[in-house]
Amino acid sequence: LADRPIPIIADEYVDPAFGTGCVKITPAHDFNDYEIGKRHGLAMINVLTANATMNDAVPAAYRGLDRFEARQRVVADLEAAGLLDKTDAHTLPVPRGDRSGAVLEPWLTDQWYVRIAPLAAPAIRAVEDGRIRFVPDNWAKTYFQWMRNIQDWCISRQLWWGHRIPAWYDEDGNIFVARSEAEAQVAATRQHGKPVTLRQDEDVLDTWFSSALWPFSTLGWPLENPELATFYPTNVLVTGFDIIFFWVARMIMMGLEFRGEVPFREVYITGLIRDEHGQKMSKSKGNIIDPLDLIDGIEIDALIAKRTTGLMQPQMKTAIEKATRKQFPQGIPAYGTDALRFTFAALATMGRDIRFDLGRVEGYRNFCNKLWNAARYVLMNTEVHVASLAEGDSELTVADRWIRGRLGVAVQSVRANLAAYRFDLAAQSIYEFVWYEYCDWYLELCKPVLQSADASPAAKRGTRRTLLEVLEATLRMLHPLMPFITEEIWQRVGPLAGRNGPSVMLEPYPRAAEFPADPDAERQVAALQAVVLGIRQIRGELDVPHSRATPVYVQTAREGDAEALAALAGTIARVGNLESVSVVASESELPPCAIAIIDGRAILAPFARLVDDVSAELARLEKRRAKAGIERDKCVAKLANASFLPNAPPEVVAKERDRVAEFERQLGQLSEQMRRLAAVQPAGAEQ
């Protein structure tokens with residue numbers, strides 16, 4: 001068809017067992033064919049225009065045709081000439097554009113390259129000798145694998161925006177590489193003996209080439225200045241593993257080449273954020289969530305408009321719209337910046353991708369509300385007493401000493417985890433301290449002192465100071481993860497706690513030594529918590545409201561429990577709504593009691609004070625026991641299924657076993673409560 005001779009060659013690339021064992025070679029339009037063409041000195045004939053139509057290098061009959069039409073025409077012409085033996089369907093990989101879905105055609109063009117081996121060798125040594133450390137360190141293996149097999153780098157791109165290639169051409173095609181056009185003109189004039197017209201290369205540098213210069217180009221390089229001397233090299237680079245090759249390695253190579261020093265000391269590799277199905281978030285898939293939409297909220301139609309573009313094929317747009325409406329039927333509500341920021345910290349388990357869960361963001365928005373309400377309570381109980389807080393002695397209660405010690409433990413944990421890049425564990429430590437220890441326990445334990453007419457001024461002053469000082473230090477501890485709400489609250493709390501700086505971000509980070517542990521307070525509050533948690537458990541199992549007061553008896557062999565419970569009896573009664581708290585040696589002399597075991601302590605409450613209708617309560621507990629038994633049997637049957645254990649993921653199997661253990665625990669508790677409750681049943685009554 002082309003009316004020119006085509007050479008026949010032999011090459012090991014061809015698979016003789018596939019098809020006829022013969023294959024056409026197009027060196028200008030296939031990467032593998034290009035390498036074969038170089039080995040055999042074949043002509044590099046480009047047959048496509050920039051729009052993928054046939055150019056003047058093909059016979060006249062095909063010029064201007066679209067590539068797909070030209071292929072059909074070639075088959076028809078071969079058949080018409082009696083040259084077509086047969087056609088076979090076969091599957092082959094076809095590259096497509098991410099956004100448009102269009103088929104991509106390799107196209108031979110002139111490009112600029114960087115010879116990379118001389119740059120890669122020093123960059124490899126920098127990680128080998130420890131000048132740069134990857135966190136987690138397993139990513140160093142990925143870095144080495146790529147760097148030791150690196151190929152020359154194509155750095156020119158045909159884009160509208162970017163750093164222009166610093167090369168100029170004269171009318172004869174001679175190239176002059178220079179820092180500026182004036183410098184290029186000097187070189188051209190020297191060669192031609194007179195000034196000539198120059199044209200700058202229209203290509204721009206690869207984005208990653210420009211980005212590779214970032215650590216020092218942003219500091220005024222190539223000029224030497226105080227900023228460059230102070231801030232190069234930096235301490236830590238935080239990035240995703242998917243750009244270790246594109247960005248991290250190239251910054252290291254450029255930094256060593258142009259500054260003679262590594263650009264950073266540590267590289268912390270984060271996981272990728274994936275959608276709820278585990279797929280990587282990307283614009284082309286339409287599953288990306290804009291952080292601003294999570295912060296400010298967005299309606300469903302606006303979200304769909306953002307996720308789809310005019311370049312997408314109709315089928316893709318329809319699929320994205322359907323998936324979006326299923327995922328966010330009402331759109332995305334506003335969660336706020338702090339909640340989103342804390343979510344990402346809490347999900348940042350080292351070395352793992354993040355499967356994004358909107359429920360976690362909602363939970364941490366509730367955490368923000370919890371902190372805000374706690375601050376309101378503290379301010380309500382301290383602002384009006386600001387004058388007295390600065391005067392007179394203060395006396396710390398057991399609860400005051402306990403929460404100060406617990407803050408010290410939290411600070412120590414957060415500091416250690418931040419230093420180890422375990423942001424998830426740091427966030428967990430802060431969350432547990434603020435939500436459970438400070439808000440759920442301490443704010444309740446301080447009320448008897450603040451609201452009691454019998455409490456001394458020194459005790460009230462000590463509790464108010466503790467409220468302020470612990471909250472203020474907590475705000476400093478939490479600030480890096482939740483900067484906005486902590487700043488807002490600190491502006492009111494900080495001055496009351498004796499700190500008068502302009503911003504919480506300029507205050508020193510708290511140290512554990514400022515809040516030393518108090519083992520005695522820990523033991524006493526542990527005893528108190530056991531009683532309160534025990535009565536809550538009993539009320540929950542028997543469906544008894546908190547408003548129903550009852551005496552509680554405690555059996556304990558722990559040293560110091562009797563003294564602690566006696567000293568804290570009033571506080572325990574107030575927090576747990578109890579008539580009394582008594583330590584007993586045995587339950588033989590007690591009336592029939594419901595029981596809860598907390599940390600080895602037996603918490604007992606008389607059934608007669610909890611249950612009005614014993615028969616009805618027994619019937620209710622029996623229903624709960626029967627339901628728990630059915631669920632337990634389902635899990636046991638699943639685990640006994642011969643096809644389940646070998647095929648299910650280990651975490652699923654472990655979850656089922658945990659469920660069995662939990663149902664067994666519930667059945668044991670319910671049976672014990674029913675046994676004890678039956679002892680209250682009057683003789684002869686129907687059970």
# chains A, B, ... in the order shown; residues from 1 in each chain; ligands from 1
>>> closest_atom_pairs(of="range 418-477 of chain A", to="range 525-528 of chain A", cutoff="12 Å", atoms="only C-alpha atoms", output="CSV")
residue,atom,partner,partner_atom,distance
A:Glu437,CA,A:Val525,CA,10.9
A:Trp441,CA,A:Val525,CA,9.7
A:Tyr442,CA,A:Val525,CA,10.1
A:Leu445,CA,A:Val525,CA,9.7
>>> select_by_dssp(residues="range 376-440 of chain A", states="alpha helix (DSSP H)", output="mmCIF file with N, CA and C atoms, in the first residue's frame")
data_model
loop_
_atom_site.group_PDB
_atom_site.id
_atom_site.type_symbol
_atom_site.label_atom_id
_atom_site.label_comp_id
_atom_site.auth_asym_id
_atom_site.auth_seq_id
_atom_site.Cartn_x
_atom_site.Cartn_y
_atom_site.Cartn_z
ATOM 1 N N ARG A 376 -16.981 26.340 78.524
ATOM 2 C CA ARG A 376 -18.064 27.193 79.035
ATOM 3 C C ARG A 376 -18.298 26.922 80.519
ATOM 4 N N TYR A 377 -18.283 25.642 80.885
ATOM 5 C CA TYR A 377 -18.492 25.291 82.290
ATOM 6 C C TYR A 377 -17.363 25.855 83.154
ATOM 7 N N VAL A 378 -16.118 25.707 82.682
ATOM 8 C CA VAL A 378 -14.979 26.205 83.451
ATOM 9 C C VAL A 378 -15.059 27.717 83.609
ATOM 10 N N LEU A 379 -15.347 28.419 82.524
ATOM 11 C CA LEU A 379 -15.422 29.882 82.593
ATOM 12 C C LEU A 379 -16.570 30.335 83.491
ATOM 13 N N MET A 380 -17.667 29.623 83.441
ATOM 14 C CA MET A 380 -18.821 29.973 84.266
ATOM 15 C C MET A 380 -18.486 29.870 85.752
ATOM 16 N N ASN A 381 -17.582 28.947 86.082
ATOM 17 C CA ASN A 381 -17.233 28.730 87.484
ATOM 18 C C ASN A 381 -15.959 29.441 87.918
ATOM 19 N N THR A 382 -15.332 30.173 87.007
ATOM 20 C CA THR A 382 -14.063 30.820 87.378
ATOM 21 C C THR A 382 -14.013 32.312 87.078
ATOM 22 N N VAL A 386 -12.340 35.617 89.548
ATOM 23 C CA VAL A 386 -10.974 35.883 89.118
ATOM 24 C C VAL A 386 -10.157 36.596 90.191
ATOM 25 N N ALA A 387 -10.794 37.491 90.937
ATOM 26 C CA ALA A 387 -10.049 38.223 91.964
ATOM 27 C C ALA A 387 -9.584 37.300 93.083
ATOM 28 N N SER A 388 -10.459 36.389 93.503
ATOM 29 C CA SER A 388 -10.097 35.503 94.614
ATOM 30 C C SER A 388 -9.113 34.421 94.197
ATOM 31 N N LEU A 389 -9.052 34.118 92.879
ATOM 32 C CA LEU A 389 -8.143 33.079 92.419
ATOM 33 C C LEU A 389 -6.686 33.460 92.639
ATOM 34 N N VAL A 398 -8.654 15.273 96.264
ATOM 35 C CA VAL A 398 -8.148 14.065 95.611
ATOM 36 C C VAL A 398 -8.390 14.131 94.104
ATOM 37 N N ALA A 399 -9.571 14.612 93.711
ATOM 38 C CA ALA A 399 -9.890 14.715 92.282
ATOM 39 C C ALA A 399 -8.969 15.707 91.585
ATOM 40 N N ASP A 400 -8.653 16.827 92.247
ATOM 41 C CA ASP A 400 -7.730 17.810 91.663
ATOM 42 C C ASP A 400 -6.363 17.186 91.428
ATOM 43 N N ARG A 401 -5.867 16.488 92.436
ATOM 44 C CA ARG A 401 -4.551 15.853 92.304
ATOM 45 C C ARG A 401 -4.562 14.790 91.220
ATOM 46 N N TRP A 402 -5.664 14.057 91.150
ATOM 47 C CA TRP A 402 -5.785 12.987 90.159
ATOM 48 C C TRP A 402 -5.743 13.531 88.737
ATOM 49 N N ILE A 403 -6.538 14.570 88.440
ATOM 50 C CA ILE A 403 -6.600 15.067 87.058
ATOM 51 C C ILE A 403 -5.289 15.714 86.654
ATOM 52 N N ARG A 404 -4.586 16.330 87.590
ATOM 53 C CA ARG A 404 -3.273 16.902 87.264
ATOM 54 C C ARG A 404 -2.294 15.787 86.884
ATOM 55 N N GLY A 405 -2.316 14.709 87.641
ATOM 56 C CA GLY A 405 -1.441 13.587 87.315
ATOM 57 C C GLY A 405 -1.796 12.947 85.988
ATOM 58 N N ARG A 406 -3.101 12.828 85.714
ATOM 59 C CA ARG A 406 -3.529 12.241 84.446
ATOM 60 C C ARG A 406 -3.136 13.136 83.269
ATOM 61 N N LEU A 407 -3.163 14.444 83.459
ATOM 62 C CA LEU A 407 -2.703 15.353 82.406
ATOM 63 C C LEU A 407 -1.222 15.118 82.125
ATOM 64 N N GLY A 408 -0.427 14.944 83.184
ATOM 65 C CA GLY A 408 0.993 14.662 82.988
ATOM 66 C C GLY A 408 1.219 13.411 82.165
ATOM 67 N N VAL A 409 0.434 12.367 82.437
ATOM 68 C CA VAL A 409 0.541 11.126 81.668
ATOM 69 C C VAL A 409 0.187 11.377 80.200
ATOM 70 N N ALA A 410 -0.869 12.145 79.963
ATOM 71 C CA ALA A 410 -1.289 12.441 78.589
ATOM 72 C C ALA A 410 -0.220 13.248 77.855
ATOM 73 N N VAL A 411 0.346 14.252 78.534
ATOM 74 C CA VAL A 411 1.387 15.072 77.901
ATOM 75 C C VAL A 411 2.581 14.208 77.516
ATOM 76 N N GLN A 412 2.995 13.339 78.415
ATOM 77 C CA GLN A 412 4.136 12.468 78.130
ATOM 78 C C GLN A 412 3.855 11.578 76.920
ATOM 79 N N SER A 413 2.649 11.022 76.843
ATOM 80 C CA SER A 413 2.277 10.164 75.723
ATOM 81 C C SER A 413 2.240 10.946 74.415
ATOM 82 N N VAL A 414 1.637 12.128 74.451
ATOM 83 C CA VAL A 414 1.516 12.931 73.225
ATOM 84 C C VAL A 414 2.892 13.347 72.725
ATOM 85 N N ARG A 415 3.743 13.805 73.624
ATOM 86 C CA ARG A 415 5.094 14.213 73.215
ATOM 87 C C ARG A 415 5.846 13.041 72.566
ATOM 88 N N ALA A 416 5.802 11.888 73.201
ATOM 89 C CA ALA A 416 6.528 10.729 72.676
ATOM 90 C C ALA A 416 5.992 10.316 71.313
ATOM 91 N N ASN A 417 4.690 10.345 71.138
ATOM 92 C CA ASN A 417 4.103 9.917 69.870
ATOM 93 C C ASN A 417 4.313 10.935 68.759
ATOM 94 N N LEU A 418 4.301 12.220 69.091
ATOM 95 C CA LEU A 418 4.611 13.222 68.069
ATOM 96 C C LEU A 418 6.055 13.071 67.604
ATOM 97 N N ALA A 419 6.959 12.814 68.541
ATOM 98 C CA ALA A 419 8.366 12.650 68.181
ATOM 99 C C ALA A 419 8.571 11.429 67.288
ATOM 100 N N PHE A 423 1.019 10.240 64.866
ATOM 101 C CA PHE A 423 -0.010 11.249 65.084
ATOM 102 C C PHE A 423 -1.331 10.620 65.505
ATOM 103 N N ASP A 424 -1.567 9.383 65.059
ATOM 104 C CA ASP A 424 -2.794 8.697 65.447
ATOM 105 C C ASP A 424 -2.826 8.426 66.942
ATOM 106 N N LEU A 425 -1.702 7.970 67.494
ATOM 107 C CA LEU A 425 -1.654 7.684 68.927
ATOM 108 C C LEU A 425 -1.654 8.968 69.752
ATOM 109 N N ALA A 426 -1.032 10.019 69.235
ATOM 110 C CA ALA A 426 -1.071 11.307 69.929
ATOM 111 C C ALA A 426 -2.504 11.819 70.010
ATOM 112 N N ALA A 427 -3.223 11.739 68.888
ATOM 113 C CA ALA A 427 -4.625 12.176 68.873
ATOM 114 C C ALA A 427 -5.468 11.328 69.813
ATOM 115 N N GLN A 428 -5.204 10.034 69.842
ATOM 116 C CA GLN A 428 -5.963 9.138 70.728
ATOM 117 C C GLN A 428 -5.736 9.503 72.194
ATOM 118 N N SER A 429 -4.480 9.789 72.568
ATOM 119 C CA SER A 429 -4.182 10.152 73.958
ATOM 120 C C SER A 429 -4.903 11.432 74.355
ATOM 121 N N ILE A 430 -4.884 12.418 73.468
ATOM 122 C CA ILE A 430 -5.569 13.683 73.757
ATOM 123 C C ILE A 430 -7.062 13.458 73.884
ATOM 124 N N TYR A 431 -7.626 12.710 72.937
ATOM 125 C CA TYR A 431 -9.075 12.474 72.930
ATOM 126 C C TYR A 431 -9.509 11.793 74.221
ATOM 127 N N GLU A 432 -8.819 10.735 74.606
ATOM 128 C CA GLU A 432 -9.212 9.985 75.797
ATOM 129 C C GLU A 432 -9.081 10.827 77.050
#
>>> residues_around(residues="range 4-9 of chain A", least_positions_apart="6", cutoff="12 Å", atoms="only C-alpha atoms", output="ChimeraX atom specification")
/A:22-26,36-37,39-43,45,57-59
>>> write_last_selection(atoms="N, CA and C atoms", output="PDB file, in the first residue's frame")
ATOM      1  N   CYS A  22       5.006 -13.351  13.206  1.00  0.00           N
ATOM      2  CA  CYS A  22       5.500 -12.129  12.566  1.00  0.00           C
ATOM      3  C   CYS A  22       4.756 -10.929  13.137  1.00  0.00           C
ATOM      4  N   VAL A  23       5.414  -9.779  13.193  1.00  0.00           N
ATOM      5  CA  VAL A  23       4.773  -8.573  13.707  1.00  0.00           C
ATOM      6  C   VAL A  23       5.346  -7.360  12.989  1.00  0.00           C
ATOM      7  N   LYS A  24       4.494  -6.414  12.669  1.00  0.00           N
ATOM      8  CA  LYS A  24       4.985  -5.180  12.051  1.00  0.00           C
ATOM      9  C   LYS A  24       5.610  -4.290  13.128  1.00  0.00           C
ATOM     10  N   ILE A  25       6.590  -3.512  12.741  1.00  0.00           N
ATOM     11  CA  ILE A  25       7.306  -2.647  13.671  1.00  0.00           C
ATOM     12  C   ILE A  25       7.085  -1.197  13.261  1.00  0.00           C
ATOM     13  N   THR A  26       6.602  -0.382  14.210  1.00  0.00           N
ATOM     14  CA  THR A  26       6.401   1.058  13.954  1.00  0.00           C
ATOM     15  C   THR A  26       7.221   1.829  14.977  1.00  0.00           C
ATOM     16  N   ILE A  36      13.475  -1.598  19.313  1.00  0.00           N
ATOM     17  CA  ILE A  36      13.833  -2.528  18.232  1.00  0.00           C
ATOM     18  C   ILE A  36      14.395  -1.752  17.045  1.00  0.00           C
ATOM     19  N   GLY A  37      13.739  -0.640  16.723  1.00  0.00           N
ATOM     20  CA  GLY A  37      14.202   0.179  15.604  1.00  0.00           C
ATOM     21  C   GLY A  37      15.617   0.688  15.816  1.00  0.00           C
ATOM     22  N   ARG A  39      17.909  -0.804  17.604  1.00  0.00           N
ATOM     23  CA  ARG A  39      18.841  -1.933  17.496  1.00  0.00           C
ATOM     24  C   ARG A  39      19.153  -2.281  16.042  1.00  0.00           C
ATOM     25  N   HIS A  40      18.190  -2.061  15.139  1.00  0.00           N
ATOM     26  CA  HIS A  40      18.348  -2.493  13.750  1.00  0.00           C
ATOM     27  C   HIS A  40      18.495  -1.333  12.771  1.00  0.00           C
ATOM     28  N   GLY A  41      18.579  -0.104  13.282  1.00  0.00           N
ATOM     29  CA  GLY A  41      18.782   1.038  12.398  1.00  0.00           C
ATOM     30  C   GLY A  41      17.616   1.313  11.477  1.00  0.00           C
ATOM     31  N   LEU A  42      16.408   1.054  11.954  1.00  0.00           N
ATOM     32  CA  LEU A  42      15.221   1.277  11.120  1.00  0.00           C
ATOM     33  C   LEU A  42      14.880   2.760  11.046  1.00  0.00           C
ATOM     34  N   ALA A  43      14.215   3.143   9.963  1.00  0.00           N
ATOM     35  CA  ALA A  43      13.757   4.528   9.814  1.00  0.00           C
ATOM     36  C   ALA A  43      12.646   4.803  10.823  1.00  0.00           C
ATOM     37  N   ILE A  45       9.604   6.585  11.063  1.00  0.00           N
ATOM     38  CA  ILE A  45       8.629   7.272  10.209  1.00  0.00           C
ATOM     39  C   ILE A  45       7.407   7.632  11.034  1.00  0.00           C
ATOM     40  N   ALA A  57       3.330  11.576   5.279  1.00  0.00           N
ATOM     41  CA  ALA A  57       4.256  10.452   5.149  1.00  0.00           C
ATOM     42  C   ALA A  57       3.549   9.184   4.687  1.00  0.00           C
ATOM     43  N   VAL A  58       2.221   9.227   4.571  1.00  0.00           N
ATOM     44  CA  VAL A  58       1.460   8.042   4.151  1.00  0.00           C
ATOM     45  C   VAL A  58       0.982   8.247   2.711  1.00  0.00           C
ATOM     46  N   PRO A  59       0.558   7.179   2.025  1.00  0.00           N
ATOM     47  CA  PRO A  59       0.027   7.340   0.661  1.00  0.00           C
ATOM     48  C   PRO A  59      -1.117   8.344   0.611  1.00  0.00           C
TER      49      PRO A  59
END
>>> residues_around(residues="Gln666 in chain A", least_positions_apart="3", cutoff="8 Å", atoms="only C-alpha atoms", output="compact mmCIF listing (two decimals) with N, CA, C and O atoms, in the first residue's frame")
# COMPACT_ATOMS: atom_id res chain seq x y z
N ARG A 625 -31.58 -12.83 77.34
CA ARG A 625 -30.70 -13.99 77.35
C ARG A 625 -30.95 -14.87 76.12
O ARG A 625 -30.01 -15.37 75.50
N ALA A 628 -29.43 -13.14 73.07
CA ALA A 628 -27.96 -13.26 73.08
C ALA A 628 -27.54 -14.68 72.72
O ALA A 628 -26.54 -14.88 72.02
N GLU A 662 -18.01 -12.08 73.44
CA GLU A 662 -18.86 -11.04 74.02
C GLU A 662 -20.24 -11.59 74.36
O GLU A 662 -20.80 -11.29 75.43
N PHE A 663 -20.83 -12.39 73.46
CA PHE A 663 -22.14 -12.98 73.76
C PHE A 663 -22.06 -13.95 74.94
O PHE A 663 -22.98 -14.02 75.76
N GLN A 669 -23.47 -12.93 82.51
CA GLN A 669 -23.97 -11.86 83.37
C GLN A 669 -25.49 -11.95 83.55
O GLN A 669 -26.01 -11.79 84.66
N LEU A 670 -26.19 -12.18 82.44
CA LEU A 670 -27.65 -12.25 82.52
C LEU A 670 -28.10 -13.44 83.38
O LEU A 670 -29.03 -13.33 84.19
>>> select_by_dssp(residues="range 477-627 of chain A", states="strand (DSSP E)", output="ChimeraX atom specification")
/A:550-555,578-583,593-598,601-606
>>> residues_around(residues="range 258-271 of chain A", least_positions_apart="4", cutoff="7 Å", atoms="only C-alpha atoms", output="PyMOL selection string")
chain A and resi 131-136+215+232-241+251-252+254+350-354
>>> atom_distance(atom1="CA of Glu587 in chain A", atom2="CA of Arg523 in chain A")
23.9 Å
>>> residues_around(residues="Cys439 in chain A", least_positions_apart="3", cutoff="10 Å", atoms="only C-alpha atoms", output="VMD selection string")
chain A and resid 370 to 371 373 to 375 432 to 436 442 to 445
>>> write_last_selection(atoms="all heavy atoms", output="tab-separated table (two decimals), in the first residue's frame")
chain	number	residue	atom	x	y	z
A	370	LYS	N	-17.73	19.05	72.65
A	370	LYS	CA	-17.45	18.63	74.03
A	370	LYS	C	-16.44	19.58	74.67
A	370	LYS	O	-16.62	20.02	75.82
A	370	LYS	CB	-16.89	17.20	74.01
A	370	LYS	CG	-16.74	16.57	75.39
A	370	LYS	CD	-18.01	15.89	75.82
A	370	LYS	CE	-17.80	14.99	77.02
A	370	LYS	NZ	-19.03	14.31	77.46
A	371	LEU	N	-15.39	19.89	73.93
A	371	LEU	CA	-14.37	20.81	74.45
A	371	LEU	C	-14.95	22.19	74.67
A	371	LEU	O	-14.66	22.85	75.69
A	371	LEU	CB	-13.20	20.87	73.46
A	371	LEU	CG	-12.03	21.76	73.84
A	371	LEU	CD1	-11.33	21.22	75.08
A	371	LEU	CD2	-11.05	21.87	72.68
A	373	ASN	N	-18.10	23.04	75.30
A	373	ASN	CA	-19.00	23.04	76.45
A	373	ASN	C	-18.23	22.92	77.76
A	373	ASN	O	-18.62	23.53	78.78
A	373	ASN	CB	-20.01	21.89	76.33
A	373	ASN	CG	-21.03	22.14	75.23
A	373	ASN	OD1	-21.36	23.28	74.92
A	373	ASN	ND2	-21.51	21.07	74.61
A	374	ALA	N	-17.14	22.16	77.75
A	374	ALA	CA	-16.30	22.07	78.96
A	374	ALA	C	-15.72	23.44	79.28
A	374	ALA	O	-15.67	23.85	80.45
A	374	ALA	CB	-15.19	21.05	78.75
A	375	ALA	N	-15.27	24.16	78.25
A	375	ALA	CA	-14.71	25.49	78.47
A	375	ALA	C	-15.77	26.45	79.02
A	375	ALA	O	-15.48	27.28	79.90
A	375	ALA	CB	-14.13	26.03	77.17
A	432	GLU	N	-8.82	10.73	74.61
A	432	GLU	CA	-9.21	9.98	75.80
A	432	GLU	C	-9.08	10.83	77.05
A	432	GLU	O	-9.92	10.75	77.96
A	432	GLU	CB	-8.38	8.71	75.90
A	432	GLU	CG	-8.72	7.69	74.82
A	432	GLU	CD	-7.86	6.45	74.89
A	432	GLU	OE1	-6.88	6.46	75.69
A	432	GLU	OE2	-8.14	5.49	74.16
A	433	PHE	N	-8.03	11.65	77.12
A	433	PHE	CA	-7.89	12.50	78.30
A	433	PHE	C	-9.00	13.54	78.36
A	433	PHE	O	-9.64	13.70	79.41
A	433	PHE	CB	-6.53	13.21	78.29
A	433	PHE	CG	-6.41	14.24	79.39
A	433	PHE	CD1	-6.17	13.85	80.70
A	433	PHE	CD2	-6.58	15.59	79.12
A	433	PHE	CE1	-6.11	14.79	81.73
A	433	PHE	CE2	-6.51	16.54	80.13
A	433	PHE	CZ	-6.27	16.13	81.44
A	434	VAL	N	-9.24	14.25	77.27
A	434	VAL	CA	-10.22	15.33	77.28
A	434	VAL	C	-11.63	14.79	77.49
A	434	VAL	O	-12.38	15.27	78.36
A	434	VAL	CB	-10.15	16.14	75.97
A	434	VAL	CG1	-11.30	17.15	75.89
A	434	VAL	CG2	-8.82	16.87	75.87
A	435	TRP	N	-12.00	13.78	76.70
A	435	TRP	CA	-13.39	13.32	76.72
A	435	TRP	C	-13.70	12.55	78.01
A	435	TRP	O	-14.68	12.85	78.70
A	435	TRP	CB	-13.66	12.44	75.51
A	435	TRP	CG	-15.13	12.12	75.32
A	435	TRP	CD1	-15.90	11.32	76.11
A	435	TRP	CD2	-16.00	12.63	74.31
A	435	TRP	NE1	-17.18	11.29	75.65
A	435	TRP	CE2	-17.28	12.08	74.54
A	435	TRP	CE3	-15.82	13.47	73.21
A	435	TRP	CZ2	-18.37	12.34	73.71
A	435	TRP	CZ3	-16.90	13.74	72.40
A	435	TRP	CH2	-18.16	13.19	72.64
A	436	TYR	N	-12.86	11.57	78.31
A	436	TYR	CA	-13.20	10.66	79.41
A	436	TYR	C	-12.71	11.17	80.77
A	436	TYR	O	-13.50	11.24	81.72
A	436	TYR	CB	-12.64	9.27	79.12
A	436	TYR	CG	-13.21	8.65	77.86
A	436	TYR	CD1	-12.41	8.42	76.76
A	436	TYR	CD2	-14.56	8.33	77.78
A	436	TYR	CE1	-12.94	7.88	75.60
A	436	TYR	CE2	-15.10	7.79	76.63
A	436	TYR	CZ	-14.29	7.57	75.53
A	436	TYR	OH	-14.82	7.04	74.39
A	442	TYR	N	-13.67	14.33	85.71
A	442	TYR	CA	-13.26	15.41	86.60
A	442	TYR	C	-14.32	16.51	86.72
A	442	TYR	O	-14.58	17.01	87.83
A	442	TYR	CB	-11.94	16.03	86.13
A	442	TYR	CG	-11.52	17.17	87.04
A	442	TYR	CD1	-11.15	16.93	88.36
A	442	TYR	CD2	-11.55	18.49	86.60
A	442	TYR	CE1	-10.80	17.97	89.22
A	442	TYR	CE2	-11.21	19.53	87.44
A	442	TYR	CZ	-10.84	19.26	88.75
A	442	TYR	OH	-10.50	20.29	89.59
A	443	LEU	N	-14.96	16.88	85.63
A	443	LEU	CA	-15.97	17.94	85.73
A	443	LEU	C	-17.13	17.53	86.62
A	443	LEU	O	-17.80	18.38	87.22
A	443	LEU	CB	-16.48	18.32	84.33
A	443	LEU	CG	-15.45	18.98	83.40
A	443	LEU	CD1	-16.13	19.51	82.14
A	443	LEU	CD2	-14.67	20.09	84.10
A	444	GLU	N	-17.38	16.23	86.71
A	444	GLU	CA	-18.41	15.75	87.63
A	444	GLU	C	-17.88	15.69	89.06
A	444	GLU	O	-18.59	16.03	90.02
A	444	GLU	CB	-18.90	14.37	87.20
A	444	GLU	CG	-19.68	14.36	85.89
A	444	GLU	CD	-20.92	15.24	85.95
A	444	GLU	OE1	-21.63	15.19	86.99
A	444	GLU	OE2	-21.18	15.98	84.98
A	445	LEU	N	-16.63	15.27	89.21
A	445	LEU	CA	-16.06	15.14	90.56
A	445	LEU	C	-15.83	16.48	91.24
A	445	LEU	O	-15.78	16.55	92.47
A	445	LEU	CB	-14.73	14.37	90.48
A	445	LEU	CG	-14.82	12.91	90.01
A	445	LEU	CD1	-13.43	12.30	89.94
A	445	LEU	CD2	-15.70	12.10	90.95
>>> atom_distance(atom1="CA of Leu621 in chain A", atom2="CA of Gly576 in chain A")
23.5 Å
